[in-house]
Structure formats: structure tokens, C-alpha cells
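Asker: Mind looking over this structure? Questions follow.
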Amino acid sequence: MLKKIDHIGIAVPSIEEARKFYEDVLGLKLDNIEEVPSQKVKTAFYDIGGVWIELLEPISDDSPIAKFLERNPRGGMHHIAYLSDDVSAELKNAEEKGVQLIDKTPRGGAGGMDIGFLHPKFTGGVLTEFCSPQE
């Protein structure tokens, strides 16, 4: 069962440059910066009202975020993530209802989370992620 919106992923060319807006203009406090080699990204997290803003910077030219930035050079909203008790069950449920999956099984993501994505062609054009803390 989905619990809440966990985070909104925003692709940026540079976390260091983007921090100026999130910290100086919005007044948010940086929680953590982490590299996730398996996803080929560096992430920065800001908490606002229990929902995280996740900045995503590519660390490789073949990263999905690098490809997103090729199409959107200034960056922008990349995905929305929903917190769940069981990513596997959410993926299975979505597939049974005809949604194309990007991930058939959960994989490791930032912040010690298991993650799985749904294809945006089946979700109204929004890349959708399910996430849950790794056990």
C-alpha cells in the first residue's frame, strides 16, 4: 500500500549550482549528498514538510539523468516517488493492471531505499517510482 509521496526527483546539471536556489532562495537545509554509482548519479536531499526534494546530477555521460539533460538542458522534474511497504508488490500490482515496468524487481537506490520505476508512457507522462527502506 502506498503511504505518501516520498520525494520529487529534479534533474540538474550541477548540484553545487542548484544548491544556491534551494538553500539561499527557498531557505531549505541540505540533509545529505550521496553518490549512487549503480544509478550513475549524485544526489542531494532537502526535506520540506516530510517530502524530500531530490536533486539528481549525472556522474556519467551514459546516466539516465545525462540523457534527460540532453533533452532538457536546464534540468527539470524527473520523477515522483511514492513510499510503500513493499516495492515488489507495487510493481507486481501495476504490471497486473497493464502498466509497463522499467524495473521488474526492486533495485538499490539512494538513501538505502529499494526502488522500482514504471514507464512514463503508462503513467500520464510522469516517470513514477515506488520506494521502500531496504531490509
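Residue names in the C-alpha cells use chain letters A, B, ... in the order shown, residue numbers from 1 in each chain, and ligand numbers from 1 in the order shown.
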Residues near A:Met1, anyone? I mean within 10 Å using only C-alpha atoms, not counting same-chain ones fewer than 6 positions away, as a list of chain:residue names.
Answerer: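 Final neighbour list, sorted by chain and number: A:Tyr82, A:Leu83, A:Ser84, A:Asp85, A:Asp86, A:Val87, A:Ala89, A:Glu90.
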Asker: Can you pull out every residue from stretch 7-131 of chain A that DSSP, working from the backbone, puts in strand (DSSP E), and format the result as a PyMOL selection string?
Answerer: chain A and resi 7-11+30-36+41-48+51-58+76-84+107-108+113-118+128-131
Asker: Determine, counting only C-alpha atoms, which protein, DNA and RNA residues have an atom within 12 Å of an atom of A:Arg19; residues of the same chain fewer than 5 positions away are not included. Present the result as a ChimeraX atom specification.
Answerer: /A:12-14,24-33,43-46,53-57
Asker: Excluding A:His7 and residues on its chain fewer than 6 positions from it, collect all residues at most 6 Å away from it, counting only C-alpha atoms, and give them as a list in words.
Answerer: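 Final neighbour list, sorted by chain and number: Val51, Trp52, Ile53 and Ala81 of chain A.
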Asker: Stretch 95-109 of chain A: which residues within 6 Å, counting only C-alpha atoms, same-chain residues fewer than 4 positions away excluded, as a short mmCIF file (atom, residue, chain, number, x, y, z; two decimals) with N, CA and C atoms, in the first residue's frame?
Answerer:
```
data_model
loop_
_atom_site.label_atom_id
_atom_site.label_comp_id
_atom_site.auth_asym_id
_atom_site.auth_seq_id
_atom_site.Cartn_x
_atom_site.Cartn_y
_atom_site.Cartn_z
N MET A 113 17.32 2.90 0.01
CA MET A 113 15.97 2.53 -0.40
C MET A 113 16.01 1.48 -1.51
N ASP A 114 15.00 0.60 -1.51
CA ASP A 114 14.71 -0.24 -2.67
C ASP A 114 13.79 0.58 -3.55
N ILE A 115 14.06 0.56 -4.86
CA ILE A 115 13.28 1.37 -5.78
C ILE A 115 12.87 0.54 -6.99
N GLY A 116 11.81 0.99 -7.65
CA GLY A 116 11.35 0.39 -8.89
C GLY A 116 10.54 1.42 -9.65
N PHE A 117 10.75 1.49 -10.96
CA PHE A 117 10.12 2.52 -11.79
C PHE A 117 9.09 1.95 -12.75
N LEU A 118 8.07 2.76 -13.02
CA LEU A 118 7.05 2.49 -14.03
C LEU A 118 7.33 3.36 -15.24
N HIS A 119 7.04 2.84 -16.42
CA HIS A 119 7.31 3.58 -17.66
C HIS A 119 6.34 4.76 -17.78
N PHE A 122 2.87 4.95 -19.57
CA PHE A 122 1.69 4.33 -18.96
C PHE A 122 1.23 5.07 -17.70
#
```
Asker: Which residue out of A:Ala18, A:Leu127, A:Ile48, A:Ile5 has the minimum interatomic distance to A:His79 when only C-alpha atoms are used?
Answerer: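 Counting only C-alpha atoms, the residue closest to A:His79 is A:Leu127.
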Asker: Determine the nearest neighbour of A:Asp47 from the options A:Ala110, A:Ala66, A:Ile8, A:Val126, counting only C-alpha atoms.
Answerer: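 Nearest to A:Asp47: A:Ile8.
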